[in-house]
Amino acid sequence: MNRTQRVLLILIQASLIIIALALLVIVIIEPEYNKYGGVIAGLTLPLLPNIIQKLFKAKISFRLQLTYFIFLFFALFLGICFDFYKTVPHFDKVIHFFSGILTVIIAWYALKFFKVDKTDKRFQALFIICFCIAVAAIWEYFEFTSDKLLGTNMQELLEPGVDDTMFDMIFATIGACVGTIILMRYTKAIEKFSLEDHRKK
């Protein structure tokens, strides 16, 4: 990754956090409780690439980080804060589908970090899919906790809470399965797309 790309990623990351801070001020001045959870996520999730790089001692490629930041912009800011989940048909399910695909790469980092990426492909696929389902469940826990503690209604924006949760989980799982198939079939291509260098020197 060259200097220009690093600067661009820092600017995008900072811009996402600044947007989240601005939205936080807006929802405090004119309370919109359903958006608090999205704002909290918008303040924290842009930092996830930094956390992963330190935790897994990996250098995430410019292309993957850019893809992730674009995903966050659509999922959090357009979806929750600008009401795309309400106004754009099936937007919610598309986002959860792609979240499953992106989470596959995080699970793959975990396999590499614990040096089990040379194990049987069937075990890798099972681990990755289960990992992705767990991440989807954690997001649903976050929505549930936000609803209970902040009085928001994130789990019932479009449909009753149980239906919303289950459909979110199903589409994330489908995305995880699709992503896992792609990873198993095109491992080298995915590695080239996502990693600059597995271990920092």
# chains A, B, ... in the order shown; residues from 1 in each chain; ligands from 1
>>> residues_around(residues="Val116 of chain A", least_positions_apart="6", cutoff="12 Å", atoms="only C-alpha atoms", output="PyMOL selection string")
chain A and resi 107-110+123-124+127-128
>>> select_by_dssp(residues="segment 45-79 of chain A", states="alpha helix (DSSP H)", output="ChimeraX atom specification")
/A:48-56,62-72
>>> residues_around(residues="Ile181 of chain A", least_positions_apart="4", cutoff="8 Å", atoms="only C-alpha atoms", output="ChimeraX atom specification")
/A:125,177,185
>>> write_last_selection(atoms="N, CA and C atoms", output="PDB file, in the first residue's frame")
ATOM      1  N   ALA A 125     -14.217 -24.700   6.106  1.00  0.00           N
ATOM      2  CA  ALA A 125     -15.515 -24.198   5.644  1.00  0.00           C
ATOM      3  C   ALA A 125     -16.524 -24.174   6.792  1.00  0.00           C
ATOM      4  N   CYS A 177     -22.204 -18.649   3.317  1.00  0.00           N
ATOM      5  CA  CYS A 177     -22.030 -19.864   2.505  1.00  0.00           C
ATOM      6  C   CYS A 177     -21.481 -19.532   1.121  1.00  0.00           C
ATOM      7  N   ARG A 185     -12.726 -22.001  -3.366  1.00  0.00           N
ATOM      8  CA  ARG A 185     -12.440 -22.234  -4.790  1.00  0.00           C
ATOM      9  C   ARG A 185     -11.349 -21.301  -5.318  1.00  0.00           C
TER      10      ARG A 185
END
>>> residues_around(residues="Ala176 of chain A", least_positions_apart="5", cutoff="9 Å", atoms="only C-alpha atoms", output="mmCIF file with C-alpha atoms, in the first residue's frame")
data_model
loop_
_atom_site.group_PDB
_atom_site.id
_atom_site.type_symbol
_atom_site.label_atom_id
_atom_site.label_comp_id
_atom_site.auth_asym_id
_atom_site.auth_seq_id
_atom_site.Cartn_x
_atom_site.Cartn_y
_atom_site.Cartn_z
ATOM 1 C CA PHE A 97 -26.081 -10.912 2.642
ATOM 2 C CA PHE A 98 -22.920 -8.915 1.917
ATOM 3 C CA SER A 99 -22.090 -8.735 5.619
ATOM 4 C CA GLY A 100 -21.919 -12.536 5.560
ATOM 5 C CA ILE A 101 -19.491 -12.442 2.623
ATOM 6 C CA LEU A 102 -17.212 -9.874 4.275
ATOM 7 C CA THR A 103 -17.205 -11.757 7.575
ATOM 8 C CA VAL A 104 -15.831 -14.795 5.748
ATOM 9 C CA ILE A 128 -15.889 -20.030 8.710
ATOM 10 C CA ILE A 129 -19.652 -20.461 8.319
ATOM 11 C CA CYS A 130 -20.133 -20.942 12.080
ATOM 12 C CA CYS A 132 -20.069 -15.786 10.391
ATOM 13 C CA ILE A 133 -23.300 -16.974 11.988
ATOM 14 C CA PHE A 171 -29.460 -13.798 4.667
ATOM 15 C CA ILE A 181 -17.535 -21.368 -1.514
#
>>> residues_around(residues="segment 8-16 of chain A", least_positions_apart="2", cutoff="12 Å", atoms="only C-alpha atoms", output="PyMOL selection string")
chain A and resi 1-6+18-23+39-50+60-74+76-78
>>> write_last_selection(atoms="C-alpha atoms", output="short mmCIF file (atom, residue, chain, number, x, y, z; two decimals), in the first residue's frame")
data_model
loop_
_atom_site.label_atom_id
_atom_site.label_comp_id
_atom_site.auth_asym_id
_atom_site.auth_seq_id
_atom_site.Cartn_x
_atom_site.Cartn_y
_atom_site.Cartn_z
CA MET A 1 0.00 0.00 0.00
CA ASN A 2 1.50 3.32 -1.03
CA ARG A 3 1.37 6.61 0.84
CA THR A 4 -1.51 8.02 -1.23
CA GLN A 5 -3.66 4.96 -0.51
CA ARG A 6 -2.89 5.11 3.22
CA ILE A 18 -17.08 12.70 11.73
CA ILE A 19 -20.40 11.90 10.01
CA ALA A 20 -21.32 9.65 12.95
CA LEU A 21 -20.45 12.43 15.42
CA ALA A 22 -22.55 14.92 13.45
CA LEU A 23 -25.46 12.48 13.45
CA VAL A 39 -24.68 6.08 15.44
CA ILE A 40 -22.88 4.01 18.09
CA ALA A 41 -21.89 1.45 15.45
CA GLY A 42 -20.80 4.29 13.15
CA LEU A 43 -18.43 5.58 15.81
CA THR A 44 -16.80 2.20 16.46
CA LEU A 45 -16.92 -0.04 13.37
CA PRO A 46 -14.70 2.20 11.18
CA LEU A 47 -11.89 1.29 13.60
CA LEU A 48 -12.29 -2.46 13.02
CA PRO A 49 -9.54 -2.72 10.34
CA ASN A 50 -7.04 -1.19 12.80
CA ILE A 60 -5.10 -5.59 5.15
CA SER A 61 -5.01 -4.49 1.53
CA PHE A 62 -6.19 -1.11 0.32
CA ARG A 63 -8.91 -2.74 -1.80
CA LEU A 64 -10.42 -4.70 1.09
CA GLN A 65 -10.38 -1.74 3.49
CA LEU A 66 -11.97 0.48 0.85
CA THR A 67 -14.64 -2.18 0.22
CA TYR A 68 -15.32 -2.39 3.96
CA PHE A 69 -15.68 1.38 4.36
CA ILE A 70 -18.07 1.52 1.38
CA PHE A 71 -20.09 -1.29 2.99
CA LEU A 72 -20.25 0.65 6.28
CA PHE A 73 -21.44 3.77 4.48
CA PHE A 74 -24.31 1.85 2.90
CA LEU A 76 -24.97 2.23 8.73
CA PHE A 77 -25.28 5.70 7.33
CA LEU A 78 -27.58 5.20 4.35
#
>>> atom_distance(atom1="atom CA of Ser146 of chain A", atom2="atom CA of Phe56 of chain A")
29.0 Å
>>> closest_residue(among="A:His90, A:Lys57, A:Lys188, A:Lys148", to="Phe113 of chain A", atoms="only C-alpha atoms")
A:Lys57
>>> atom_distance(atom1="atom CA of Trp139 of chain A", atom2="atom CA of Ile17 of chain A")
19.4 Å
>>> closest_residue(among="A:Thr145, A:Ile28, A:Gly37, A:Ile106", to="Phe131 of chain A", atoms="only C-alpha atoms")
A:Ile106
>>> atom_distance(atom1="atom CA of Gly38 of chain A", atom2="atom CA of Val178 of chain A")
26.4 Å
>>> decode(residues="segment 46-61 of chain A", atoms="all heavy atoms", output="PDB file, in the first residue's frame")
ATOM      1  N   PRO A  46     -15.784   1.773  12.081  1.00  0.00           N
ATOM      2  CA  PRO A  46     -14.702   2.203  11.176  1.00  0.00           C
ATOM      3  C   PRO A  46     -13.304   1.871  11.705  1.00  0.00           C
ATOM      4  O   PRO A  46     -12.342   1.843  10.936  1.00  0.00           O
ATOM      5  CB  PRO A  46     -14.906   3.723  11.095  1.00  0.00           C
ATOM      6  CG  PRO A  46     -16.359   3.915  11.313  1.00  0.00           C
ATOM      7  CD  PRO A  46     -16.717   2.885  12.356  1.00  0.00           C
ATOM      8  N   LEU A  47     -13.194   1.612  13.005  1.00  0.00           N
ATOM      9  CA  LEU A  47     -11.890   1.291  13.600  1.00  0.00           C
ATOM     10  C   LEU A  47     -11.561  -0.198  13.526  1.00  0.00           C
ATOM     11  O   LEU A  47     -10.450  -0.603  13.893  1.00  0.00           O
ATOM     12  CB  LEU A  47     -11.877   1.736  15.071  1.00  0.00           C
ATOM     13  CG  LEU A  47     -12.124   3.236  15.308  1.00  0.00           C
ATOM     14  CD1 LEU A  47     -12.228   3.504  16.806  1.00  0.00           C
ATOM     15  CD2 LEU A  47     -11.024   4.077  14.681  1.00  0.00           C
ATOM     16  N   LEU A  48     -12.495  -1.018  13.046  1.00  0.00           N
ATOM     17  CA  LEU A  48     -12.291  -2.463  13.025  1.00  0.00           C
ATOM     18  C   LEU A  48     -11.052  -2.893  12.226  1.00  0.00           C
ATOM     19  O   LEU A  48     -10.318  -3.786  12.690  1.00  0.00           O
ATOM     20  CB  LEU A  48     -13.538  -3.160  12.478  1.00  0.00           C
ATOM     21  CG  LEU A  48     -13.526  -4.687  12.498  1.00  0.00           C
ATOM     22  CD1 LEU A  48     -13.360  -5.207  13.925  1.00  0.00           C
ATOM     23  CD2 LEU A  48     -14.808  -5.244  11.874  1.00  0.00           C
ATOM     24  N   PRO A  49     -10.760  -2.314  11.052  1.00  0.00           N
ATOM     25  CA  PRO A  49      -9.537  -2.724  10.343  1.00  0.00           C
ATOM     26  C   PRO A  49      -8.272  -2.524  11.171  1.00  0.00           C
ATOM     27  O   PRO A  49      -7.363  -3.368  11.139  1.00  0.00           O
ATOM     28  CB  PRO A  49      -9.533  -1.829   9.091  1.00  0.00           C
ATOM     29  CG  PRO A  49     -10.967  -1.514   8.860  1.00  0.00           C
ATOM     30  CD  PRO A  49     -11.560  -1.379  10.223  1.00  0.00           C
ATOM     31  N   ASN A  50      -8.200  -1.433  11.936  1.00  0.00           N
ATOM     32  CA  ASN A  50      -7.040  -1.192  12.796  1.00  0.00           C
ATOM     33  C   ASN A  50      -6.918  -2.275  13.860  1.00  0.00           C
ATOM     34  O   ASN A  50      -5.818  -2.755  14.152  1.00  0.00           O
ATOM     35  CB  ASN A  50      -7.154   0.183  13.464  1.00  0.00           C
ATOM     36  CG  ASN A  50      -7.350   1.305  12.465  1.00  0.00           C
ATOM     37  OD1 ASN A  50      -8.429   1.464  11.909  1.00  0.00           O
ATOM     38  ND2 ASN A  50      -6.316   2.084  12.225  1.00  0.00           N
ATOM     39  N   ILE A  51      -8.075  -2.645  14.438  1.00  0.00           N
ATOM     40  CA  ILE A  51      -8.080  -3.668  15.480  1.00  0.00           C
ATOM     41  C   ILE A  51      -7.632  -5.012  14.918  1.00  0.00           C
ATOM     42  O   ILE A  51      -6.809  -5.720  15.513  1.00  0.00           O
ATOM     43  CB  ILE A  51      -9.485  -3.786  16.106  1.00  0.00           C
ATOM     44  CG1 ILE A  51      -9.855  -2.469  16.820  1.00  0.00           C
ATOM     45  CG2 ILE A  51      -9.554  -4.963  17.083  1.00  0.00           C
ATOM     46  CD1 ILE A  51     -11.299  -2.393  17.251  1.00  0.00           C
ATOM     47  N   ILE A  52      -8.165  -5.373  13.749  1.00  0.00           N
ATOM     48  CA  ILE A  52      -7.820  -6.659  13.136  1.00  0.00           C
ATOM     49  C   ILE A  52      -6.338  -6.714  12.784  1.00  0.00           C
ATOM     50  O   ILE A  52      -5.665  -7.736  13.016  1.00  0.00           O
ATOM     51  CB  ILE A  52      -8.681  -6.903  11.877  1.00  0.00           C
ATOM     52  CG1 ILE A  52     -10.136  -7.172  12.285  1.00  0.00           C
ATOM     53  CG2 ILE A  52      -8.138  -8.077  11.064  1.00  0.00           C
ATOM     54  CD1 ILE A  52     -11.080  -7.309  11.120  1.00  0.00           C
ATOM     55  N   GLN A  53      -5.807  -5.613  12.257  1.00  0.00           N
ATOM     56  CA  GLN A  53      -4.398  -5.608  11.874  1.00  0.00           C
ATOM     57  C   GLN A  53      -3.483  -5.772  13.081  1.00  0.00           C
ATOM     58  O   GLN A  53      -2.461  -6.457  13.008  1.00  0.00           O
ATOM     59  CB  GLN A  53      -4.062  -4.323  11.108  1.00  0.00           C
ATOM     60  CG  GLN A  53      -4.691  -4.299   9.725  1.00  0.00           C
ATOM     61  CD  GLN A  53      -4.275  -3.107   8.899  1.00  0.00           C
ATOM     62  OE1 GLN A  53      -3.383  -3.192   8.064  1.00  0.00           O
ATOM     63  NE2 GLN A  53      -4.935  -1.977   9.127  1.00  0.00           N
ATOM     64  N   LYS A  54      -3.862  -5.171  14.198  1.00  0.00           N
ATOM     65  CA  LYS A  54      -3.057  -5.322  15.413  1.00  0.00           C
ATOM     66  C   LYS A  54      -3.233  -6.705  16.028  1.00  0.00           C
ATOM     67  O   LYS A  54      -2.269  -7.342  16.472  1.00  0.00           O
ATOM     68  CB  LYS A  54      -3.431  -4.238  16.425  1.00  0.00           C
ATOM     69  CG  LYS A  54      -2.938  -2.848  16.049  1.00  0.00           C
ATOM     70  CD  LYS A  54      -3.186  -1.858  17.153  1.00  0.00           C
ATOM     71  CE  LYS A  54      -2.637  -0.477  16.789  1.00  0.00           C
ATOM     72  NZ  LYS A  54      -1.165  -0.498  16.608  1.00  0.00           N
ATOM     73  N   LEU A  55      -4.487  -7.186  16.042  1.00  0.00           N
ATOM     74  CA  LEU A  55      -4.775  -8.475  16.669  1.00  0.00           C
ATOM     75  C   LEU A  55      -4.169  -9.631  15.882  1.00  0.00           C
ATOM     76  O   LEU A  55      -3.536 -10.525  16.446  1.00  0.00           O
ATOM     77  CB  LEU A  55      -6.292  -8.669  16.792  1.00  0.00           C
ATOM     78  CG  LEU A  55      -6.763  -9.980  17.422  1.00  0.00           C
ATOM     79  CD1 LEU A  55      -6.293 -10.087  18.870  1.00  0.00           C
ATOM     80  CD2 LEU A  55      -8.279 -10.080  17.346  1.00  0.00           C
ATOM     81  N   PHE A  56      -4.367  -9.615  14.551  1.00  0.00           N
ATOM     82  CA  PHE A  56      -3.905 -10.714  13.713  1.00  0.00           C
ATOM     83  C   PHE A  56      -2.519 -10.475  13.122  1.00  0.00           C
ATOM     84  O   PHE A  56      -1.988 -11.335  12.422  1.00  0.00           O
ATOM     85  CB  PHE A  56      -4.893 -10.968  12.567  1.00  0.00           C
ATOM     86  CG  PHE A  56      -6.228 -11.475  13.026  1.00  0.00           C
ATOM     87  CD1 PHE A  56      -7.378 -11.147  12.329  1.00  0.00           C
ATOM     88  CD2 PHE A  56      -6.350 -12.272  14.145  1.00  0.00           C
ATOM     89  CE1 PHE A  56      -8.615 -11.614  12.725  1.00  0.00           C
ATOM     90  CE2 PHE A  56      -7.579 -12.748  14.566  1.00  0.00           C
ATOM     91  CZ  PHE A  56      -8.716 -12.425  13.851  1.00  0.00           C
ATOM     92  N   LYS A  57      -1.933  -9.279  13.404  1.00  0.00           N
ATOM     93  CA  LYS A  57      -0.628  -8.922  12.856  1.00  0.00           C
ATOM     94  C   LYS A  57      -0.598  -9.106  11.334  1.00  0.00           C
ATOM     95  O   LYS A  57       0.333  -9.677  10.760  1.00  0.00           O
ATOM     96  CB  LYS A  57       0.481  -9.751  13.515  1.00  0.00           C
ATOM     97  CG  LYS A  57       0.611  -9.498  15.015  1.00  0.00           C
ATOM     98  CD  LYS A  57       1.732 -10.325  15.617  1.00  0.00           C
ATOM     99  CE  LYS A  57       1.962  -9.936  17.080  1.00  0.00           C
ATOM    100  NZ  LYS A  57       0.789 -10.171  17.920  1.00  0.00           N
ATOM    101  N   ALA A  58      -1.665  -8.629  10.706  1.00  0.00           N
ATOM    102  CA  ALA A  58      -1.811  -8.736   9.254  1.00  0.00           C
ATOM    103  C   ALA A  58      -1.919  -7.351   8.647  1.00  0.00           C
ATOM    104  O   ALA A  58      -2.357  -6.405   9.307  1.00  0.00           O
ATOM    105  CB  ALA A  58      -3.046  -9.550   8.911  1.00  0.00           C
ATOM    106  N   LYS A  59      -1.497  -7.230   7.408  1.00  0.00           N
ATOM    107  CA  LYS A  59      -1.655  -5.977   6.684  1.00  0.00           C
ATOM    108  C   LYS A  59      -2.809  -6.133   5.700  1.00  0.00           C
ATOM    109  O   LYS A  59      -2.691  -6.830   4.693  1.00  0.00           O
ATOM    110  CB  LYS A  59      -0.362  -5.630   5.940  1.00  0.00           C
ATOM    111  CG  LYS A  59       0.827  -5.337   6.853  1.00  0.00           C
ATOM    112  CD  LYS A  59       2.050  -5.002   6.024  1.00  0.00           C
ATOM    113  CE  LYS A  59       3.255  -4.711   6.927  1.00  0.00           C
ATOM    114  NZ  LYS A  59       4.478  -4.408   6.123  1.00  0.00           N
ATOM    115  N   ILE A  60      -3.922  -5.489   6.008  1.00  0.00           N
ATOM    116  CA  ILE A  60      -5.105  -5.594   5.154  1.00  0.00           C
ATOM    117  C   ILE A  60      -4.913  -4.701   3.936  1.00  0.00           C
ATOM    118  O   ILE A  60      -4.498  -3.553   4.046  1.00  0.00           O
ATOM    119  CB  ILE A  60      -6.371  -5.178   5.916  1.00  0.00           C
ATOM    120  CG1 ILE A  60      -6.525  -6.035   7.183  1.00  0.00           C
ATOM    121  CG2 ILE A  60      -7.602  -5.345   5.036  1.00  0.00           C
ATOM    122  CD1 ILE A  60      -7.687  -5.637   8.056  1.00  0.00           C
ATOM    123  N   SER A  61      -5.247  -5.219   2.778  1.00  0.00           N
ATOM    124  CA  SER A  61      -5.009  -4.493   1.532  1.00  0.00           C
ATOM    125  C   SER A  61      -5.881  -3.245   1.427  1.00  0.00           C
ATOM    126  O   SER A  61      -6.933  -3.130   2.064  1.00  0.00           O
ATOM    127  CB  SER A  61      -5.283  -5.394   0.324  1.00  0.00           C
ATOM    128  OG  SER A  61      -6.679  -5.614   0.184  1.00  0.00           O
TER     129      SER A  61
END
